[in-house]
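These notes are about the structure you will find just below.
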Amino acid sequence: MTSDTVLRPSGADQGGPRRSRPRPTLGRLWETWGITVVLIALLALSPLIAPDFLTQANLQSVLRESAYLGIVAAGMTFAIMNGTFDLSVGGQLALVSVATLAGFSAGGTLLAVAAAVATGVGCGLVNGALVTALRVPPFVATLGMLFVFRGIAYIFTQDGPKTLPYDQADSSFVKIGSLNLAGIPVPFVIMLAVYAAAWVVLRRTTTGRQVVAFGSSPEAARFCGVSATRVRLFVFTLVGLCVGIAALTYVTRVWTADGSAQDGFELSVITVVVLGGTSLKGGKGTLIGTFSAVLLVAVLNDILVSQGVGASYQRIVLGTVLITALAIDGLRTRFAAPGSFRRAVLRRSTEVRSSS
Amino acid sequence: ESEEPATSGADDGEALTVGFSVYDMQFEFFQEMERGTREAAEEKGWEFVLHDQRSDENEMVTGAQALLDQNIDVLIISPVNPEALGPIVNKAQEMGIPVVVDDIGGGGTPYDAIVISDNEDGGVQAAEYMAAQIEANGVTSRKVVSITCEPSAFYAARRNEGFRTAIEAAGYEVVTELSGNSRAEDAYDIMNDALARDPDVAGVFACNDPMAVAAGNAIIDAGMDPVNDIVTVGLNGDPEALTAIESGGLSATVAQDPAGMGALTVDLAEQLANGETPDFDNEAEREVYQEVTLVTSENLADFTN
Amino acid sequence: MDGATAKSSPLLEVVGLTVDFPGVRALDGVHLDVRPGEVHAIVGENGAGKSTLLKVLGGVNTPSAGSLTLGGEPFRPHRPHDAIAAGIAVIYQEFNLFPDLSVAENVYVGREPHGRLTRGLDYARMRRGCREIFDVLGVRIDPDARVRDLAVSEQQLVEIAKALSVGGRVIVMDEPTAALARTEVRRLLDVVRRLRQEGKAVIYVSHHLEEVFEVADRATVLRDGRHVATEVITETTEDDLVRLMVGRDVESVFHRESTDEGAVVLALDGVSAGRHLRDVDLEVRAGEVLGIGGVAGAGQTELTQAVFGAIGLKSGGMRLDGHDHAPSSPRDAIAAGVGFLHEDRKAAGILPDLSVLQNLGMSVLRRLRTGPLRLLSPAAERGVYREYSDRLRIKASGADQLISQLSGGNQQKVLLGRALAPGGRLLVLNEPTRGVDIGAKAEIHQLVNELTAAGVAVLLVSSDLLELLGMSDRIVVLAGGRVVGRLEGADRTEENVIACATMGRKIAVDA
Amino acid sequence: MSGQSPGPAPAEARGTRRAPADRVRQALVAAPLAVPLLLVCLVLTLATDRFLTTGNLENVLVAASIVALPGLAMTLCIAMGEFDLSVGSTVALTGAVTCTWLVDGRPTLVAVVAGLVVGAAVGLANGLVITKLGVTPFIATLATLVIVRGLSLVYTDGRDVIVNDEALKYLVAGRPLGVPMPIVLAVLAAVLAWWTVNRTRFGRWVCAIGSNREAAVISGLPVDRIRIAVYVLVGLAGGVWGVLISSQLQKGSGQLGAGFELDAITVVVIGGTSLLGGSASVIGTLLGAILIETIRNGLNLLNTPAAYQRISVGLLLVAALAVQAIRRKAPTEALDDV
Ligand SMILES: Nc1ncnc2c1ncn2[C@@H]1O[C@H](COP(=O)(O)OP(=O)(O)OP(=O)(O)O)[C@@H](O)[C@H]1O
Ligand SMILES: Nc1ncnc2c1ncn2[C@@H]1O[C@H](COP(=O)(O)OP(=O)(O)OP(=O)(O)O)[C@@H](O)[C@H]1O
Ligand SMILES: O[C@@H]1[C@@H](O)[C@H](O)OC[C@H]1O
Ligand SMILES: [Mg+2]
Ligand SMILES: [Mg+2]
C-alpha cells in the first residue's frame, strides 16, 4: 500500500521517461530516404541487368528526358502536401509549350522564356482563382481546366502544330534542351536548381510552412492565422510556374507543340510524388523523395526499354515494381513498428481525421 | 539538299543494322508495319533493332535518339508526332545516318525519304464509293457523317478533307463532322448522337477502321443496316473491317498496306545506305507513294487470303 | 476499504507490462489488478503512461513485455476487436467518432441492429437505445444529429454512451470528464457508481482528484511509465497522491493573484455572431482575467471565436486597445496581437504531421525570419522551443518529435505555448487546462498570473467551475447566447454561476 | 435555434438535424447539380430541335447508365476515402476475356461470367495489395492499371477479338418492357446501392471507414475485409462496364477503356461525394453521370469541333460545381475538399 519509489524533487526529469537522445527512428528515416535507397540499389544493380546503362551518353539521356517531369513534380509535391492536387498539368504543359514556341518565333529566346513563365503562372492563377474565389473543389476545377487548357492549345494549333523551325537547330534556345554543362544536361541542371529553390521555400519560408500546416490540418492551420485562400492560390500558382519552367526543357527537346502534348501527364506526375512518399492526405512528404522517385521511374523505364522488353511486359514489370517499392514501406510499418498495432492504418487515419 | 549519306559498313552486300522506331505496337496496323519491315530486313540478312514509341512524343524523341547511338546504319521511323522529328533528324544528320520516314508525315524536316499512303485519295475513293452505293440503295437523303481522328492527327485529317471535297462535289452535305479520337468507344457514341440529330443520314465515313466498325455497330443497335440503310465506310483495311464487311457490318474500307510500306522503307534504306538516290514519286518532298485500295464485299477475297 | 472489493479476486490483472515506442519506453514493468465491483483510478502526470496502459487493454497498443489476465484466463488482445469481444469497453482520451455519421450510428457502430431478411438497419431501435442512455446521463442529444455538428462536450457524451451501450465486464474511461460541464460530470459519476453496483470493473483516469476521491475505491499512481503506488482511497489524501504523482508538494491550485486593473483592452458592444451569440457587451481590462461561464453550448465558443475573427459579426462592434477591432480571419486577429487557444485540441489545435517545434512556431513565423531573404531561422525556432519547453515543462523526446506522438496533456502545453508566443496584449483561453495534470495546471495558473501581472488581458472559458471561479477576477455568464449575469467580488460563487447559467439570475441574497 | 428565447437555457440538444431531414439535406446536395442539369437541358432544347426527342434522351440515359454502373461502385470506394484507378484497364481485360471465350465457342452466359470473374479478381488483387501489403490505394490501383493493361495486350496478343453474338448484344440493345437494358441495370444497381449505403451495416461501415479509419479499427470493425469487398465490387463493376462496351462494339481489345477510370471518378465527384470520404450520394452519382452525358450529347448535336468540345466540357464542369458551391454557401467546406 505504500510507495516503493523515493520521492524526488521535480524539474530533474525534464526529458521524461528514459528519453535519451532525440535520434530519428529507422521508420522516419525510411519514410524520407526509402525511395532514394531503392534508387541507389537499382543503380548499383544496373550493371548486372543492363551493362549499357551506366554509360555517359545513356545517363545523360535519362537525366535530360526526365527533367520536365521532375520539375513539375516539385510543384506538385507542394500541392499534395497541401492536401490537394492539380489534374490540369498536362493541359498546362501543352498550352505553355504552344505559347513558348509562339514566343520564340515572334521574338527569340527571351520572349520564349517570358511566354513560358507568364503562361504557366497564368494557368496556375486561373486554377487558384477557381478554387479560392469560386470555391470549386480542386479535383473538378483542375479536371475542367485540363480540358480547357488543351482545348485552347488546340485552337491555337488548328492549322498545324507550333514547331521550332528546323533552321533554328543551332539557336541558343535549343541549347536549353541539348547542351551539357560539365557533362550534365542543362534540363537536369535546371531541375536541380528548381529542387534547391523548392527546398528553401518549403523548409525555410513562412509560406512553405503554412502550406504544410494547412495540409496537415486545415482547421488548426486556420487558427494559426493561415489563410486558406493564400496557400491554395500560392500552391496552384507554383505548380503553374513549375510547368512554365518544365515546358522550356520540354519544347527544346521535342521542338513542337499542340494540344495533344503529354496526354495523361497528370497521372505520371502525381505517381512520382506519391511514390516519393508524399501522402495524398496532405501534411507529409519530402522533395528528396519526389526527386528520387522521378529518377527511379526514369531509370527503370530506360533499363526495360534497353533490354528489349516489349511494351506490354514493360507495363507489367513497371507496375509490379511500383507495388513492391511501396509494399516494402507498407509491410515495414505494418509489422515491424514497435509498440503499436497496425500503425500504418492508424497513422493514415489520423490524417483523415484532422482534415475533416 | 540531303547530305551525302554515310557509308559506314554500308558497302554493297554487307550486313547493315537498321533501327526501326515504331509508333505503337498496341495497334494492329503498326504490328503489320513492323512485321513487313522486320521480315524485309531479315531477308537481306540485316540486323534489326526495334523501338516502340508507345504513342508518346517524349519517348519518340528520346528513344529514337538512343537508337542512333546504337551503331545503326539507317533509321526508319514511323513518328507518333511528325513535327517532333526535328531533333531526331538533326542528330542523325550530324552522325551521317540516313532517315526513312514511314507513313504519318515528315514534319518539314530534311529526312532522306518518306513512304506515305495517299491519304487524300483514300478519302476520295471512300466518297465516290459511298455516293454510288447510296444511289444504288435508292436512298434520297443527301446527308452524310464524317468521323475524324484526334485533332492532332494531321495526316489522317487529309482523309476527311479528301472525303469532304469529293462527297460535296457529288451533291451531298456533311451534316456532322466530329472527332472520335481514333477510338471505337468514342465513335460508337458519336454515331448514336449523329443519328439522333439526323435520323435520315445516308452514309458515314470514319477515318480509321476501328471507328468505322463501331459506327456500324451503333447503326445496327439503332435498328438499321450499315450497308443498305446507311453506307458505312472506313479506312485502313484492318482485319476487323474485313470481318465486318463479310458479315454485313460495314460497306467498305480503303486498305492501306502497312506491311508493304515496311518492306518499301527497307528497300529505300538500302539504296540510301549505298549512296544511291531513290526513285521518288515526289522529288521535292522525297516522297514514295503507297497505293490505297477500296475493299468491298466484291473484292474482299483478295485481302483475306 | 469496501468489503466486497477486498474479498473478490481480480477480474483483470496486469503484470510486468512494458511498452516501447521508437525512442521512448512509455511503460516499464507496470502492474495493476482490478476487481469486479471496483472503481480503480489511475493517476499520474501528463505523459506518465496512463493512456498507453489503457490502449494495451483495448488492443490498440501491443506490449513488448508483460502479461494480462482477464477473469483468470490469459488475455492477449492483438487488435481492438479482441478486447471488445472479451468484454472490455474503452473510452479513449482522444475521440474515436465518425463525424459524418449520426449519433445513433456512432453509438451502435459494429453492433447495429438490423432486420433479418432485408438486412435493413433498425433505426428506430437505435434511436430508442440512445435516448435511454442519454436519459441516464441526463443530457439531450438528438440521436439523428451528425456528430460533426456536435460540441466537444456532446461528442464526449456520445463516446460515453457508446461504451455504456456495449456493456462488457470492464469499462475503461480515459479522462471522460475532461470536456464535460459540472452537471454532466455529476451524472457520469452516478453512472460509474451504478456500474460498480452491477459488479463491473471500472478503470477511471482523471486529472481531477476530487472525482477520484468521490468514486474510486483504489488509485494506482504512475510516474514516468513506472508503477509508483496503489493506494486505497479511504486511506490516503489528495496531497499524498499528488506527492506520489509529481514527487513534490503542489501549491494549492487556483491561486489567483489579483493585479491592479488597467485600461480596457477589449470591449464588445452589442455583439451578435454565429448561431447563438446575441447582443453581448463586455470589457476586459489589462491585468484582468475575465471568465466566461455557462452551460455547454451557451455561446462561449462563439464569443471567443468572434473575438478571434474565426466567425464574423452579425452586428455590434469590438474595440481592442481603443482601436476598432474587426478581424475578418484569425490571421487579422493574430496580427492585432490576440493569442488564442482552441478548445478542440485534436480537430483544430494540433498540426499532427508537424513537429513540436514547428507547432510552437506557427503563431510567430514572421518573427522567426532573418537575413535579406527573410528565411526562417532554425536557430530562432529552437530558441522558441527552448523557451516554451522550459517554461511549460513540455515533455517531448526532442524538438523534432511529431506533436501527435506526445501525450494529450503535453500536446495541450505546446498549444498553450503557441498561444502565448506572439506575446500580445489579449489572450483568449478556451479550456486551457483540459487534460492537463495537476502540477502543470498549477503552473499554467501561475503563468496566467504572471501574464496579467505584466498587463496582459485574459479572456478565460472553462467548463471547470472551480478553475473559472478561482482564476477569474470577474465572470460573465452566458445563456442562450446572451449575457445573463455579471459576477464580481463576493458574488463570484459557485451557486451564482450555476443559478445564472440555468435560471438567468443570481441566488437571492439578503439585502 | 435562432428563435431561442433569452434567459435560462437548459442543456440543449445540438445538431437538430434528424435522419429524414438529413436525407433531405443529402438530396439538396444533389439538387444543385439538378440546377445546372436543367439549365443545360434548357439551352440544348432551345439550341437544337433534336435534343428533346425520345430517341435522343434515351441515348443520353443509356450512355449515362453505362458510366453510372461503375460510378455507383466507385461511390462506395470514394465514400471510404479511397479511389480505384484501375477500372479502365479492367474494362479492357474483361472485354478481352469475354470475347475470347465467345470466339472459343463457349456459351454467352459462361463467357460473360468469366469476364465478370476476371473483373472481380482484379478488384481482389487491388484489395489484397492495399490491405495486406499496405500499399497506398493510389499507387496500388495505378500499378494495377498499368499491369492489367499489359496483361490485356498480352492476352489478346495486341489484336482485336471480334465477335458476333446476339445474346451479348442483348445486354445493351435489349429492351425488357420496352426500356433499354442498360437503364434497367443502372436503376436496379442504384436502388441496391442506395439501400446498401443508407440502410445496411456494410454501407454504414464503408462510410465509417471513410469518416475516421482509426476509429473504425478501434471500434472493432472488420476494416480490411470491408475494404477488400469494396475493391472487389469496383472490379466487378469494371467487369460489367467491359462486358457492356464489348457488347456495344462486338469486340474485345487490349486498347479499350483507356482513361475510363477518370470518367468513373468524375461522375462521383461532381455528384457531390467528397473525395475525403465519409458519405456517399447515390443520387448525386446518377445526376453526375446524366449531366456529363448530356453535355457530351449536346455538344455533338451542336457539331462542336473537338477543340471547342474540350473547352466547353471543362468550363461546364467548373461552372456546375461553382453553382453548387455558391448555393451551398460553405466557403471553408469547399476549400477543404480535395
Ligand atoms: N496580414 C496579416 N495579418 C495577420 N497575420 C499575418 C499577416 N501576415 C502574416 N501574418 C502572420 O504571420 C505569419 C506569417 O505569415 P505570411 O508568411 O503569410 O506573411 P506574409 O504576409 O506573407 O509576409 P511577407 O509578405 O512579408 O513575406 C502567419 O502565421 C500569420 O499569422
Ligand atoms: N504513438 C506514440 N509514439 C511515440 N511516443 C508515444 C506515442 N504515444 C505515446 N507516446 C509517449 O508515451 C508516453 C506516455 O504517453 P501517454 O499518452 O500514455 O501519457 P498519459 O499518461 O496518458 O498522459 P496525459 O495525461 O497527458 O494524457 C509519453 O511520453 C508519450 O510521448
Ligand atoms: O490509318 C492509320 C491509323 O489507323 C493508325 O491509328 O495510325 C496510322 C494511320 O495510318
Ligand atoms: Mg493520456
Ligand atoms: Mg464550448
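Residues in the C-alpha cells are named by chain (A, B, ... in the order shown) and by number from 1 within that chain; ligands are numbered from 1 in the order shown.
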Inset, instruction - Could the residues that lie within 12 Å of ligand 5, counting only C-alpha atoms and all ligand atoms, be listed as a VMD selection string? - result: (chain C and resid 150 to 155 179 to 181 276 292 to 305 342 to 344 429 to 431 460 to 464 478 481) or (chain D and resid 14)
Inset, instruction - Go through the chains and note each residue within 10 Å of ligand 4, using only C-alpha atoms and all ligand atoms, then give the set as a VMD selection string. - result: chain C and resid 43 to 55 92 to 94 174 to 175 205 to 207 406 to 410 435 to 437
Inset, instruction - Residues of chain D no more than 6 Å from chain A, counting only C-alpha atoms: send them over as a list in words. - result: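 Every residue meeting the condition is included here: Leu133, Gly134, Val135, Ala140, Ala143, Val146, Ile147, Gly150, Asn212, Arg213, Glu214, Ala307, Arg310, Ile311, Gly314, Leu317, Val318, Leu321, Ala322, Ala325, Ala334, Asp337 and Val338 of chain D.
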Report the closest atom pair, with its distance in Å rounded to one decimal, for each residue of chain C that has an atom no farther than 10 Å from ligand 1; count only C-alpha atoms and all ligand atoms, sort by chain and then rising residue number, and write it as a Markdown table.
```
| residue | atom | partner | partner_atom_place_in_ligand_line | distance |
| --- | --- | --- | --- | --- |
| C:Pro327 | CA | ligand 1 | 4 (C) | 9.0 |
| C:Ser328 | CA | ligand 1 | 3 (N) | 9.7 |
| C:Ser329 | CA | ligand 1 | 4 (C) | 8.1 |
| C:Pro330 | CA | ligand 1 | 4 (C) | 7.3 |
| C:Arg331 | CA | ligand 1 | 4 (C) | 3.9 |
| C:Asp332 | CA | ligand 1 | 4 (C) | 3.9 |
| C:Ala333 | CA | ligand 1 | 4 (C) | 6.4 |
| C:Ile334 | CA | ligand 1 | 5 (N) | 5.3 |
| C:Ala335 | CA | ligand 1 | 4 (C) | 3.8 |
| C:Ala336 | CA | ligand 1 | 4 (C) | 7.1 |
| C:Gly337 | CA | ligand 1 | 4 (C) | 9.0 |
| C:Gly361 | CA | ligand 1 | 29 (O) | 8.5 |
| C:Met362 | CA | ligand 1 | 29 (O) | 5.6 |
| C:Ser363 | CA | ligand 1 | 29 (O) | 4.8 |
| C:Val364 | CA | ligand 1 | 29 (O) | 5.9 |
| C:Leu365 | CA | ligand 1 | 13 (C) | 4.7 |
| C:Arg366 | CA | ligand 1 | 14 (C) | 4.6 |
| C:Arg367 | CA | ligand 1 | 12 (O) | 7.8 |
| C:Leu368 | CA | ligand 1 | 14 (C) | 9.2 |
| C:Arg369 | CA | ligand 1 | 27 (O) | 9.1 |
| C:Leu373 | CA | ligand 1 | 27 (O) | 9.3 |
| C:Arg374 | CA | ligand 1 | 27 (O) | 7.3 |
| C:Leu375 | CA | ligand 1 | 27 (O) | 9.2 |
| C:Leu376 | CA | ligand 1 | 17 (O) | 10.0 |
| C:Pro422 | CA | ligand 1 | 31 (O) | 9.6 |
```
Legend entry - Who sits within 12 Å of stretch 440-445 of chain C, only C-alpha atoms, same chain under 5 positions skipped, as a PyMOL selection string: (chain A and resi 10-11) or (chain C and resi 44-47+207-208+242+245-246+249-257+289+388+390-395+409-410+412-414+416-417+420+429+431-435+450-452+458+460+464+467-468+470-472)
Neighbouring residues of ligand 3 are defined here as those with any atom at most 7 Å from a ligand atom, counting only C-alpha atoms and all ligand atoms; list them as a tab-separated table (two decimals) with N, CA, C and O atoms, in the first residue's frame.
```tsv
chain	number	residue	atom	x	y	z
B	27	PHE	N	-1.17	-1.24	-81.76
B	27	PHE	CA	-2.12	-1.20	-82.87
B	27	PHE	C	-1.76	-2.23	-83.93
B	27	PHE	O	-0.61	-2.38	-84.31
B	29	PHE	N	-2.26	-2.17	-87.00
B	29	PHE	CA	-1.69	-1.52	-88.17
B	29	PHE	C	-0.16	-1.49	-88.07
B	29	PHE	O	0.56	-1.79	-89.03
B	103	ASP	N	5.14	6.50	-93.29
B	103	ASP	CA	3.77	6.95	-93.02
B	103	ASP	C	3.73	8.22	-92.16
B	103	ASP	O	4.76	8.78	-91.82
B	104	ILE	N	2.57	8.66	-91.82
B	104	ILE	CA	2.30	9.76	-90.90
B	104	ILE	C	2.72	11.11	-91.45
B	104	ILE	O	1.89	11.95	-91.71
B	156	ALA	N	-4.10	12.15	-90.81
B	156	ALA	CA	-5.39	11.49	-91.03
B	156	ALA	C	-6.45	12.49	-91.46
B	156	ALA	O	-7.41	12.14	-92.13
B	182	SER	N	-9.88	8.58	-82.75
B	182	SER	CA	-9.36	7.29	-83.23
B	182	SER	C	-9.87	6.11	-82.42
B	182	SER	O	-9.40	5.00	-82.60
B	208	ASN	N	-10.62	5.89	-89.54
B	208	ASN	CA	-9.94	4.60	-89.38
B	208	ASN	C	-10.97	3.51	-89.15
B	208	ASN	O	-12.13	3.78	-88.86
B	209	ASP	N	-10.52	2.27	-89.27
B	209	ASP	CA	-11.46	1.16	-89.25
B	209	ASP	C	-12.10	0.88	-87.89
B	209	ASP	O	-13.29	0.57	-87.83
B	235	LEU	N	-11.35	3.21	-93.19
B	235	LEU	CA	-10.08	3.33	-93.87
B	235	LEU	C	-9.02	2.61	-93.07
B	235	LEU	O	-8.98	2.75	-91.83
B	236	ASN	N	-8.22	1.81	-93.72
B	236	ASN	CA	-7.10	1.06	-93.13
B	236	ASN	C	-7.00	-0.32	-93.75
B	236	ASN	O	-5.93	-0.74	-94.12
```
Inset, instruction - Could you jot down the atom CA of B:Ile230 to atom CA of D:Thr304 separation for me, Å, one decimal place? - result: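 Computing it gives 22.7 Å between the two atoms.
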Inset, instruction - Return the neighbours of chain B among the residues of chain D, cut-off 10 Å, counting only C-alpha atoms, as a PyMOL selection string. - result: chain D and resi 48-51+53-60+63+150+153-154+157-164+169-170+172-174+245-251+253-258+293+296-307+309
Inset, instruction - Pull the strand (DSSP E) assignments for stretch 245-443 of chain C out of DSSP run on the backbone, and list those residues as an NGL selection string. - result: :C and (264-273 or 277-285 or 289-293 or 313-320 or 323-324 or 338-341 or 369-370 or 375-376 or 426-430)
Inset, instruction - Identify, on the basis of only C-alpha atoms, every residue whose closest approach to C:Val212 does not exceed 10 Å; exclude the query and any residue fewer than 4 positions from it along the same chain; express the result as a PyMOL selection string. - result: chain C and resi 39-43+189+204-208+216-219+233+238
Written selection (N, CA and C atoms) as a PDB file, in the first residue's frame:
```
ATOM      1  N   VAL C  39     -14.035   0.434  -8.577  1.00  0.00           N
ATOM      2  CA  VAL C  39     -13.634   1.531  -9.438  1.00  0.00           C
ATOM      3  C   VAL C  39     -12.175   1.813  -9.118  1.00  0.00           C
ATOM      4  N   HIS C  40     -11.345   1.602 -10.110  1.00  0.00           N
ATOM      5  CA  HIS C  40      -9.911   1.723  -9.892  1.00  0.00           C
ATOM      6  C   HIS C  40      -9.390   2.930 -10.676  1.00  0.00           C
ATOM      7  N   ALA C  41      -8.917   3.914  -9.970  1.00  0.00           N
ATOM      8  CA  ALA C  41      -8.419   5.113 -10.645  1.00  0.00           C
ATOM      9  C   ALA C  41      -6.954   4.937 -11.008  1.00  0.00           C
ATOM     10  N   ILE C  42      -6.583   5.552 -12.128  1.00  0.00           N
ATOM     11  CA  ILE C  42      -5.168   5.603 -12.471  1.00  0.00           C
ATOM     12  C   ILE C  42      -4.810   7.069 -12.602  1.00  0.00           C
ATOM     13  N   VAL C  43      -3.829   7.490 -11.842  1.00  0.00           N
ATOM     14  CA  VAL C  43      -3.460   8.902 -11.867  1.00  0.00           C
ATOM     15  C   VAL C  43      -1.974   9.047 -12.150  1.00  0.00           C
ATOM     16  N   LEU C 189     -20.570  10.436 -12.800  1.00  0.00           N
ATOM     17  CA  LEU C 189     -20.097   9.763 -11.587  1.00  0.00           C
ATOM     18  C   LEU C 189     -21.192   8.860 -11.019  1.00  0.00           C
ATOM     19  N   TYR C 204     -10.642   4.150 -14.166  1.00  0.00           N
ATOM     20  CA  TYR C 204     -11.025   5.541 -14.316  1.00  0.00           C
ATOM     21  C   TYR C 204      -9.778   6.417 -14.273  1.00  0.00           C
ATOM     22  N   VAL C 205      -9.544   7.122 -15.367  1.00  0.00           N
ATOM     23  CA  VAL C 205      -8.388   8.020 -15.418  1.00  0.00           C
ATOM     24  C   VAL C 205      -8.877   9.452 -15.387  1.00  0.00           C
ATOM     25  N   SER C 206      -8.324  10.238 -14.492  1.00  0.00           N
ATOM     26  CA  SER C 206      -8.719  11.643 -14.459  1.00  0.00           C
ATOM     27  C   SER C 206      -7.633  12.474 -13.792  1.00  0.00           C
ATOM     28  N   HIS C 207      -7.539  13.695 -14.228  1.00  0.00           N
ATOM     29  CA  HIS C 207      -6.647  14.637 -13.544  1.00  0.00           C
ATOM     30  C   HIS C 207      -7.382  15.361 -12.431  1.00  0.00           C
ATOM     31  N   HIS C 208      -8.691  15.119 -12.350  1.00  0.00           N
ATOM     32  CA  HIS C 208      -9.468  15.777 -11.292  1.00  0.00           C
ATOM     33  C   HIS C 208      -9.509  14.865 -10.076  1.00  0.00           C
ATOM     34  N   ALA C 216     -13.664   6.506  -6.647  1.00  0.00           N
ATOM     35  CA  ALA C 216     -12.750   5.369  -6.745  1.00  0.00           C
ATOM     36  C   ALA C 216     -12.624   4.611  -5.436  1.00  0.00           C
ATOM     37  N   ASP C 217     -12.330   3.311  -5.557  1.00  0.00           N
ATOM     38  CA  ASP C 217     -12.027   2.508  -4.390  1.00  0.00           C
ATOM     39  C   ASP C 217     -10.524   2.490  -4.140  1.00  0.00           C
ATOM     40  N   ARG C 218      -9.786   2.348  -5.233  1.00  0.00           N
ATOM     41  CA  ARG C 218      -8.330   2.390  -5.106  1.00  0.00           C
ATOM     42  C   ARG C 218      -7.776   3.259  -6.233  1.00  0.00           C
ATOM     43  N   ALA C 219      -6.555   3.708  -6.069  1.00  0.00           N
ATOM     44  CA  ALA C 219      -5.913   4.501  -7.114  1.00  0.00           C
ATOM     45  C   ALA C 219      -4.493   4.003  -7.319  1.00  0.00           C
ATOM     46  N   ILE C 233      -8.306   4.393  -1.416  1.00  0.00           N
ATOM     47  CA  ILE C 233      -8.698   5.793  -1.367  1.00  0.00           C
ATOM     48  C   ILE C 233      -9.003   6.279   0.039  1.00  0.00           C
ATOM     49  N   GLU C 238      -5.599  13.634  -0.911  1.00  0.00           N
ATOM     50  CA  GLU C 238      -5.249  14.241  -2.192  1.00  0.00           C
ATOM     51  C   GLU C 238      -3.781  14.638  -2.212  1.00  0.00           C
TER      52      GLU C 238
END
```
Inset, instruction - Would you list the contacts of B:Met60 as a list in words, taking every protein, DNA or RNA residue within 9 Å and counting only C-alpha atoms, but skipping same-chain residues closer than 2 positions in sequence? - result: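 Close residues of B:Met60: Val254 of chain A; Ser21, Val22, Tyr23, His51, Asp52, Gln53, Arg54, Ser55, Asp56, Glu57, Asn58, Thr62, Gly63, Ala64, Gln65, Pro79, Val80, Asn81, Ala84, Leu85 and Ile88 of chain B.
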Store the residues picked out above, limited to C-alpha atoms, as a PDB file, in the first residue's frame.
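Saved to selection10.pdb:
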```pdb
ATOM      1  CA  VAL A 254      10.800  17.871 -78.983  1.00  0.00           C
TER       2      VAL A 254
ATOM      3  CA  SER B  21      11.206   3.306 -84.279  1.00  0.00           C
ATOM      4  CA  VAL B  22       7.529   2.405 -84.394  1.00  0.00           C
ATOM      5  CA  TYR B  23       4.508   4.487 -83.439  1.00  0.00           C
ATOM      6  CA  HIS B  51      11.989   0.843 -80.582  1.00  0.00           C
ATOM      7  CA  ASP B  52       8.359   1.339 -79.546  1.00  0.00           C
ATOM      8  CA  GLN B  53       7.296   4.961 -79.082  1.00  0.00           C
ATOM      9  CA  ARG B  54       4.161   3.840 -77.262  1.00  0.00           C
ATOM     10  CA  SER B  55       2.243   6.831 -78.661  1.00  0.00           C
ATOM     11  CA  ASP B  56       4.411   9.208 -76.628  1.00  0.00           C
ATOM     12  CA  GLU B  57       6.311  12.005 -78.323  1.00  0.00           C
ATOM     13  CA  ASN B  58       8.794  12.275 -75.472  1.00  0.00           C
ATOM     14  CA  THR B  62      14.404  10.034 -76.530  1.00  0.00           C
ATOM     15  CA  GLY B  63      14.163   6.518 -77.885  1.00  0.00           C
ATOM     16  CA  ALA B  64      14.915   7.356 -81.489  1.00  0.00           C
ATOM     17  CA  GLN B  65      17.924   9.400 -80.438  1.00  0.00           C
ATOM     18  CA  PRO B  79       6.631   9.009 -85.959  1.00  0.00           C
ATOM     19  CA  VAL B  80       3.856   9.452 -83.424  1.00  0.00           C
ATOM     20  CA  ASN B  81       4.331  13.176 -83.909  1.00  0.00           C
ATOM     21  CA  ALA B  84       8.903  16.230 -83.329  1.00  0.00           C
ATOM     22  CA  LEU B  85      11.174  14.674 -85.958  1.00  0.00           C
ATOM     23  CA  ILE B  88      15.983  13.265 -84.374  1.00  0.00           C
TER      24      ILE B  88
END
```
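Comparing the minimum interatomic distances between chain A and each of C:Leu266, C:Ala124, C:Val60, C:Ala65, counting only C-alpha atoms, we find that C:Val60 sits nearest.
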Inset, instruction - With a distance cut-off of 12 Å and only C-alpha atoms, select the neighbouring residues of D:Asp263, excluding the residue or stretch itself and same-chain residues fewer than 5 positions from it, and output the selection as a list in words. - result: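 Final neighbour list, sorted by chain and number: Val140 and Leu143 of chain A; Ala64, Ile66, Val67, Ala68, Leu69, Pro70, Gly71, Met74, Asp84, Leu85, Ser86, Val87, Gly88, Gly238, Trp241, Gly257, Ala258, Val268, Val269, Ile270, Thr285, Gly288, Ala289, Ile292 and Glu293 of chain D.
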Legend entry - Which of stretch 119-229 of chain C fall in alpha helix (DSSP H), as a PyMOL selection string: chain C and resi 123-137+152-166+182-197+209-215
Legend entry - Shortest interatomic distance to chain B - which of A:Asn301, A:Ser61, A:Gln210, A:Thr55, counting only C-alpha atoms: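 The shortest atom-to-atom distance to chain B comes from A:Ser61.
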Kindly provide, as an mmCIF file with C-alpha atoms, in the first residue's frame, the residues of chain A having any atom no farther than 9 Å from an atom of chain B, counting only C-alpha atoms.
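After the write, result_35.cif holds the following:
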```cif
data_model
loop_
_atom_site.group_PDB
_atom_site.id
_atom_site.type_symbol
_atom_site.label_atom_id
_atom_site.label_comp_id
_atom_site.auth_asym_id
_atom_site.auth_seq_id
_atom_site.Cartn_x
_atom_site.Cartn_y
_atom_site.Cartn_z
ATOM 1 C CA ALA A 57 25.558 9.058 -73.087
ATOM 2 C CA ASN A 58 22.789 6.940 -71.650
ATOM 3 C CA SER A 61 19.791 10.890 -71.976
ATOM 4 C CA VAL A 62 17.911 9.614 -68.917
ATOM 5 C CA ARG A 64 17.639 15.008 -69.872
ATOM 6 C CA GLU A 65 14.388 13.285 -70.634
ATOM 7 C CA TYR A 154 -5.683 23.010 -79.990
ATOM 8 C CA THR A 157 -2.683 24.973 -83.479
ATOM 9 C CA GLN A 158 -5.654 24.328 -85.706
ATOM 10 C CA ASP A 159 -3.575 24.887 -88.827
ATOM 11 C CA GLY A 160 -0.846 22.618 -87.588
ATOM 12 C CA PRO A 161 1.344 22.385 -84.525
ATOM 13 C CA LYS A 162 3.659 25.150 -83.447
ATOM 14 C CA THR A 163 7.129 23.964 -84.282
ATOM 15 C CA LEU A 164 10.660 25.087 -83.860
ATOM 16 C CA PRO A 165 11.826 25.835 -87.411
ATOM 17 C CA TYR A 166 14.406 23.315 -88.484
ATOM 18 C CA ALA A 169 18.513 23.908 -84.760
ATOM 19 C CA TYR A 250 10.349 20.068 -72.961
ATOM 20 C CA THR A 252 13.589 22.491 -76.641
ATOM 21 C CA ARG A 253 13.829 18.720 -76.854
ATOM 22 C CA VAL A 254 10.800 17.871 -78.983
ATOM 23 C CA TRP A 255 10.672 21.134 -80.981
ATOM 24 C CA THR A 256 6.926 21.045 -81.382
ATOM 25 C CA ALA A 257 3.714 21.651 -79.517
ATOM 26 C CA ASP A 258 -0.009 21.255 -79.910
ATOM 27 C CA GLY A 259 -2.983 20.328 -77.769
ATOM 28 C CA SER A 260 -2.039 16.679 -77.596
ATOM 29 C CA ALA A 261 1.299 17.061 -75.810
ATOM 30 C CA GLN A 262 1.770 14.617 -72.942
ATOM 31 C CA ASP A 263 -1.633 13.028 -72.678
ATOM 32 C CA VAL A 305 13.464 -0.394 -72.958
ATOM 33 C CA GLY A 308 14.146 -5.002 -75.358
ATOM 34 C CA GLY A 310 8.087 -5.444 -75.082
ATOM 35 C CA ALA A 311 5.773 -2.602 -74.180
ATOM 36 C CA SER A 312 3.147 -4.916 -72.728
#
```
